[in-house]
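Just final.cif here, mmCIF, C-alpha atoms:
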```cif
data_protein
loop_
_atom_site.group_PDB
_atom_site.id
_atom_site.type_symbol
_atom_site.label_atom_id
_atom_site.label_comp_id
_atom_site.auth_asym_id
_atom_site.auth_seq_id
_atom_site.Cartn_x
_atom_site.Cartn_y
_atom_site.Cartn_z
ATOM 1 C CA LYS A 1 113.573 122.582 90.537
ATOM 2 C CA PRO A 2 114.367 123.767 86.996
ATOM 3 C CA GLU A 3 117.966 122.746 87.762
ATOM 4 C CA THR A 4 117.003 119.158 88.496
ATOM 5 C CA ALA A 5 114.944 119.107 85.300
ATOM 6 C CA ALA A 6 117.963 120.388 83.380
ATOM 7 C CA VAL A 7 120.245 117.728 84.927
ATOM 8 C CA LEU A 8 117.815 114.941 84.033
ATOM 9 C CA LYS A 9 117.422 116.253 80.513
ATOM 10 C CA ARG A 10 121.210 116.373 80.081
ATOM 11 C CA THR A 11 121.715 112.829 81.321
ATOM 12 C CA VAL A 12 118.891 111.363 79.248
ATOM 13 C CA GLU A 13 120.159 113.122 76.149
ATOM 14 C CA ALA A 14 123.673 111.865 76.761
ATOM 15 C CA LEU A 15 122.315 108.342 77.196
ATOM 16 C CA MET A 16 120.317 108.466 73.980
ATOM 17 C CA GLU A 17 123.311 109.886 72.144
ATOM 18 C CA LYS A 18 125.404 106.905 73.209
ATOM 19 C CA GLY A 19 122.734 104.555 71.963
ATOM 20 C CA ALA A 20 120.646 103.512 74.968
ATOM 21 C CA VAL A 21 116.888 103.170 75.035
ATOM 22 C CA VAL A 22 115.338 104.828 78.068
ATOM 23 C CA ARG A 23 112.342 102.819 79.237
ATOM 24 C CA ASN A 24 111.276 104.597 82.377
ATOM 25 C CA LEU A 25 112.318 107.416 84.672
ATOM 26 C CA GLU A 26 111.199 107.336 88.286
ATOM 27 C CA ASN A 27 111.516 109.985 90.946
ATOM 28 C CA LEU A 28 112.192 108.382 94.323
ATOM 29 C CA GLY A 29 111.643 111.703 96.087
ATOM 30 C CA GLU A 30 113.899 114.322 97.579
ATOM 31 C CA ARG A 31 115.050 113.620 101.108
ATOM 32 C CA ALA A 32 117.885 114.212 103.528
ATOM 33 C CA LEU A 33 120.857 112.028 102.676
ATOM 34 C CA PRO A 34 121.714 109.298 105.222
ATOM 35 C CA TYR A 35 125.190 110.783 105.657
ATOM 36 C CA LYS A 36 126.824 114.008 104.524
ATOM 37 C CA ILE A 37 128.503 113.513 101.154
ATOM 38 C CA SER A 38 131.291 115.775 99.948
ATOM 39 C CA LYS A 39 131.478 115.998 96.204
ATOM 40 C CA HIS A 40 132.934 118.616 93.891
ATOM 41 C CA LYS A 41 134.202 120.702 96.812
ATOM 42 C CA GLU A 42 130.807 120.904 98.505
ATOM 43 C CA ARG A 43 129.237 119.137 101.494
ATOM 44 C CA HIS A 44 125.735 117.912 100.575
ATOM 45 C CA LYS A 45 122.982 117.116 103.071
ATOM 46 C CA ARG A 46 119.859 116.875 100.906
ATOM 47 C CA GLY A 47 119.418 115.243 97.541
ATOM 48 C CA GLY A 48 116.928 114.039 94.993
ATOM 49 C CA TYR A 49 116.865 110.351 94.034
ATOM 50 C CA PHE A 50 116.087 109.303 90.463
ATOM 51 C CA LEU A 51 115.929 105.878 88.866
ATOM 52 C CA ILE A 52 116.330 105.476 85.099
ATOM 53 C CA ASP A 53 115.333 102.205 83.416
ATOM 54 C CA LEU A 54 117.392 101.746 80.336
ATOM 55 C CA GLU A 55 118.511 99.169 77.805
ATOM 56 C CA GLY A 56 121.761 99.518 76.013
ATOM 57 C CA PRO A 57 125.161 98.122 75.121
ATOM 58 C CA PRO A 58 127.494 97.390 78.065
ATOM 59 C CA SER A 59 130.182 99.729 76.694
ATOM 60 C CA ILE A 60 127.935 102.618 77.738
ATOM 61 C CA VAL A 61 128.556 102.009 81.436
ATOM 62 C CA SER A 62 132.115 103.317 81.692
ATOM 63 C CA LEU A 63 131.384 106.227 79.356
ATOM 64 C CA MET A 64 128.367 107.313 81.367
ATOM 65 C CA MET A 65 130.155 106.943 84.724
ATOM 66 C CA ASP A 66 132.815 109.279 83.352
ATOM 67 C CA HIS A 67 130.211 111.702 82.049
ATOM 68 C CA LEU A 68 128.235 111.769 85.285
ATOM 69 C CA GLY A 69 131.411 112.117 87.305
ATOM 70 C CA ARG A 70 132.157 115.378 85.552
ATOM 71 C CA ASP A 71 128.648 116.730 86.147
ATOM 72 C CA ILE A 72 128.689 118.988 89.226
ATOM 73 C CA ASP A 73 125.020 118.502 90.043
ATOM 74 C CA VAL A 74 125.272 114.717 90.289
ATOM 75 C CA ILE A 75 126.300 113.634 93.781
ATOM 76 C CA ARG A 76 126.463 109.859 93.360
ATOM 77 C CA ARG A 77 126.102 107.692 90.297
ATOM 78 C CA ALA A 78 125.571 103.972 89.885
ATOM 79 C CA PHE A 79 124.586 101.347 87.316
ATOM 80 C CA ILE A 80 122.868 98.098 88.240
ATOM 81 C CA LYS A 81 121.650 95.169 86.245
ATOM 82 C CA HIS A 82 117.891 94.919 86.003
ATOM 83 C CA PRO A 83 116.756 92.633 88.859
ATOM 84 C CA VAL A 84 115.087 89.494 87.510
ATOM 85 C CA ALA A 85 111.973 88.840 89.617
ATOM 86 C CA LYS A 86 112.453 85.176 90.489
ATOM 87 C CA ALA A 87 111.475 84.865 94.151
ATOM 88 C CA GLU A 88 108.318 82.803 93.643
ATOM 89 C CA GLU A 89 109.939 79.375 93.917
ATOM 90 C CA CYS A 90 111.458 79.898 97.365
ATOM 91 C CA SER A 91 111.024 76.487 98.950
ATOM 92 C CA GLY A 92 111.705 77.041 102.656
ATOM 93 C CA ILE A 93 114.703 75.830 104.648
ATOM 94 C CA THR A 94 115.764 72.329 103.528
ATOM 95 C CA PRO A 95 116.834 70.273 106.583
ATOM 96 C CA VAL A 96 120.534 69.364 106.492
ATOM 97 C CA SER A 97 121.496 65.894 107.732
ATOM 98 C CA PRO A 98 124.206 65.752 110.462
ATOM 99 C CA GLU A 99 126.670 63.929 108.152
ATOM 100 C CA GLU A 100 126.606 66.798 105.682
ATOM 101 C CA LYS A 101 127.121 69.275 108.485
ATOM 102 C CA LEU A 102 130.171 67.296 109.627
ATOM 103 C CA SER A 103 131.748 67.092 106.187
ATOM 104 C CA ALA A 104 130.925 70.713 105.315
ATOM 105 C CA LYS A 105 134.027 72.877 105.449
ATOM 106 C CA LYS A 106 134.176 75.694 107.943
ATOM 107 C CA ASN A 107 135.328 79.040 106.511
ATOM 108 C CA GLN B 1 100.620 44.170 102.390
ATOM 109 C CA PRO B 2 101.651 47.765 103.354
ATOM 110 C CA ILE B 3 101.720 50.233 100.425
ATOM 111 C CA GLN B 4 104.990 52.088 99.887
ATOM 112 C CA MET B 5 104.352 55.799 100.042
ATOM 113 C CA GLU B 6 105.983 58.993 101.211
ATOM 114 C CA ASN B 7 105.442 59.929 104.847
ATOM 115 C CA PRO B 8 102.012 61.651 104.728
ATOM 116 C CA TYR B 9 102.509 63.214 108.155
ATOM 117 C CA LYS B 10 105.593 65.169 107.177
ATOM 118 C CA ASP B 11 105.626 68.850 108.139
ATOM 119 C CA PRO B 12 105.824 71.356 105.315
ATOM 120 C CA PRO B 13 109.383 72.721 104.952
ATOM 121 C CA LYS B 14 110.171 75.443 107.486
ATOM 122 C CA ARG B 15 110.088 78.852 105.885
ATOM 123 C CA CYS B 16 112.182 81.807 106.960
ATOM 124 C CA VAL B 17 110.709 85.246 107.535
ATOM 125 C CA LEU B 18 111.445 86.489 104.024
ATOM 126 C CA CYS B 19 110.433 83.372 102.071
ATOM 127 C CA GLY B 20 108.568 84.709 99.047
ATOM 128 C CA ILE B 21 109.275 88.406 99.678
ATOM 129 C CA ASN B 22 111.267 90.237 97.053
ATOM 130 C CA VAL B 23 114.300 91.937 98.591
ATOM 131 C CA ASP B 24 115.192 95.327 97.088
ATOM 132 C CA TYR B 25 117.975 97.757 97.923
ATOM 133 C CA LYS B 26 115.401 100.557 97.780
ATOM 134 C CA ASN B 27 113.126 99.596 100.697
ATOM 135 C CA VAL B 28 115.354 100.799 103.479
ATOM 136 C CA GLN B 29 112.778 99.940 106.150
ATOM 137 C CA LEU B 30 112.983 96.202 105.488
ATOM 138 C CA LEU B 31 116.756 96.319 105.295
ATOM 139 C CA SER B 32 117.065 98.297 108.524
ATOM 140 C CA GLN B 33 115.282 95.552 110.444
ATOM 141 C CA PHE B 34 118.373 93.330 110.049
ATOM 142 C CA VAL B 35 120.845 95.976 111.159
ATOM 143 C CA SER B 36 121.968 96.858 114.680
ATOM 144 C CA PRO B 37 120.527 100.177 115.916
ATOM 145 C CA TYR B 38 123.716 101.013 117.835
ATOM 146 C CA THR B 39 126.514 100.198 115.410
ATOM 147 C CA GLY B 40 124.706 99.713 112.110
ATOM 148 C CA SER B 41 126.356 96.320 111.592
ATOM 149 C CA ILE B 42 124.483 93.559 109.750
ATOM 150 C CA TYR B 43 123.259 90.667 111.918
ATOM 151 C CA GLY B 44 124.530 87.180 111.200
ATOM 152 C CA ARG B 45 122.443 84.183 110.175
ATOM 153 C CA HIS B 46 122.271 82.808 113.740
ATOM 154 C CA ILE B 47 120.478 86.007 114.773
ATOM 155 C CA THR B 48 118.224 86.717 111.813
ATOM 156 C CA GLY B 49 117.217 83.093 111.220
ATOM 157 C CA LEU B 50 117.086 83.474 107.435
ATOM 158 C CA CYS B 51 117.909 80.839 104.851
ATOM 159 C CA HIS B 52 121.188 81.036 102.914
ATOM 160 C CA LYS B 53 119.684 82.618 99.813
ATOM 161 C CA LYS B 54 117.778 85.364 101.577
ATOM 162 C CA GLN B 55 120.651 86.195 103.933
ATOM 163 C CA LYS B 56 122.947 86.638 100.914
ATOM 164 C CA GLU B 57 120.384 88.828 99.159
ATOM 165 C CA ILE B 58 119.898 90.956 102.255
ATOM 166 C CA THR B 59 123.612 91.516 102.799
ATOM 167 C CA LYS B 60 124.138 92.467 99.167
ATOM 168 C CA ALA B 61 121.139 94.826 99.248
ATOM 169 C CA ILE B 62 122.325 96.467 102.475
ATOM 170 C CA LYS B 63 125.822 97.019 101.117
ATOM 171 C CA ARG B 64 124.353 98.447 97.928
ATOM 172 C CA ALA B 65 122.078 100.773 99.909
ATOM 173 C CA HIS B 66 125.130 101.980 101.863
ATOM 174 C CA VAL B 67 127.053 102.828 98.732
ATOM 175 C CA PHE B 68 124.199 104.424 96.814
ATOM 176 C CA GLY B 69 123.267 106.681 99.726
ATOM 177 C CA PHE B 70 119.941 105.142 100.743
ATOM 178 C CA MET B 71 120.797 103.813 104.180
ATOM 179 C CA PRO B 72 123.098 105.122 106.910
ATOM 180 C CA VAL B 73 126.178 103.020 107.614
ATOM 181 C CA MET B 74 127.180 103.602 111.220
ATOM 182 C CA PHE B 75 123.724 103.523 112.796
ATOM 183 C CA LYS B 76 120.097 102.661 112.080
ATOM 184 C CA ASN B 77 117.784 105.309 110.708
ATOM 185 C CA PRO B 78 115.918 106.651 113.796
ATOM 186 C CA GLN B 79 112.715 106.713 111.765
ATOM 187 C CA PHE B 80 112.746 102.886 111.750
ATOM 188 C CA LEU B 81 113.740 102.324 115.376
ATOM 189 C CA THR B 82 110.227 101.316 116.459
ATOM 190 C CA ASP B 83 109.814 98.618 113.796
ATOM 191 C CA PRO B 84 108.670 95.105 114.826
ATOM 192 C CA LYS B 85 111.573 92.848 115.879
ATOM 193 C CA LEU B 86 112.439 90.121 113.357
ATOM 194 C CA CYS B 87 115.806 89.038 114.776
ATOM 195 C CA ASN B 88 116.153 87.238 118.104
ATOM 196 C CA ILE B 89 118.666 89.535 119.709
ATOM 197 C CA LYS B 90 118.792 90.637 123.347
ATOM 198 C CA TYR B 91 120.253 94.048 123.978
#
```
Hey, can you dump this file as structure tokens for me?
Amino acid sequence: KPETAAVLKRTVEALMEKGAVVRNLENLGERALPYKISKHKERHKRGGYFLIDLEGPPSIVSLMMDHLGRDIDVIRRAFIKHPVAKAEECSGITPVSPEEKLSAKKN
Amino acid sequence: QPIQMENPYKDPPKRCVLCGINVDYKNVQLLSQFVSPYTGSIYGRHITGLCHKKQKEITKAIKRAHVFGFMPVMFKNPQFLTDPKLCNIKY
């Protein structure tokens, strides 16, 4: 457990150094991975999942992917855009008239 | 003289199963309900019965979960095998 704390501290410090503002850090628990992952000459079966909310310039992404790729304790790294919660105006299935279905192209 | 108005007896628009539910790559249980338990392949729209938007969101979330190591690829997580059936598929 002190190792995971050290890894998190390292990553957050690296992020702040590159000019990102860390908003939140969530621990999604430690569980068995869905499939065995080989990384850095080792086959991993268990791992801890962490989610870091951050705001920063887009140039950070490639730098941090590089940085995390060199870290031995990090198995898999990823950056995603913050999901915009916009699912309230879902207005059901709109019925499609047969003419539209005919003219719609089939891919 | 008859008044011109919209059909008052119209049915409300048909909603799919996920209408109004936020789809996230993190809740593997929801995502696994649209995946085959034998091969782990994603079901098509004719099986799940979802609208275009939600089907797209689900596929993207499932592929993301595969890559990030949240959901198994070749099979369905045995923990979620006894979940209620949302897709009309006959094995």
- Which residues of chain A are close to chain B, meaning at most 12 Å apart when you count only C-alpha atoms, and how do they look as a count of residues only? 39
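Counting from atom CA of A:Leu68, the distance to atom CA of A:Thr11 is 7.7 Å.
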- Go through A:Asp73, A:Asp66, A:Asp53, A:Glu99 and flag the residue nearest A:Val22, using only C-alpha atoms for the distances.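 Nearest to A:Val22: A:Asp53.
Taking atom CA of A:Lys39 as the reference point, atom CA of A:Gly69 is found at 9.7 Å.
Separating atom CA of B:Lys10 from atom CA of A:Pro98 is a distance of 18.9 Å.
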- Selection: 10 Å around B:Asp83, all atoms listed in the file, excl. self and same-chain fewer than 2 positions, as a PyMOL selection string: chain B and resi 29-30+32-33+79-81+85-86
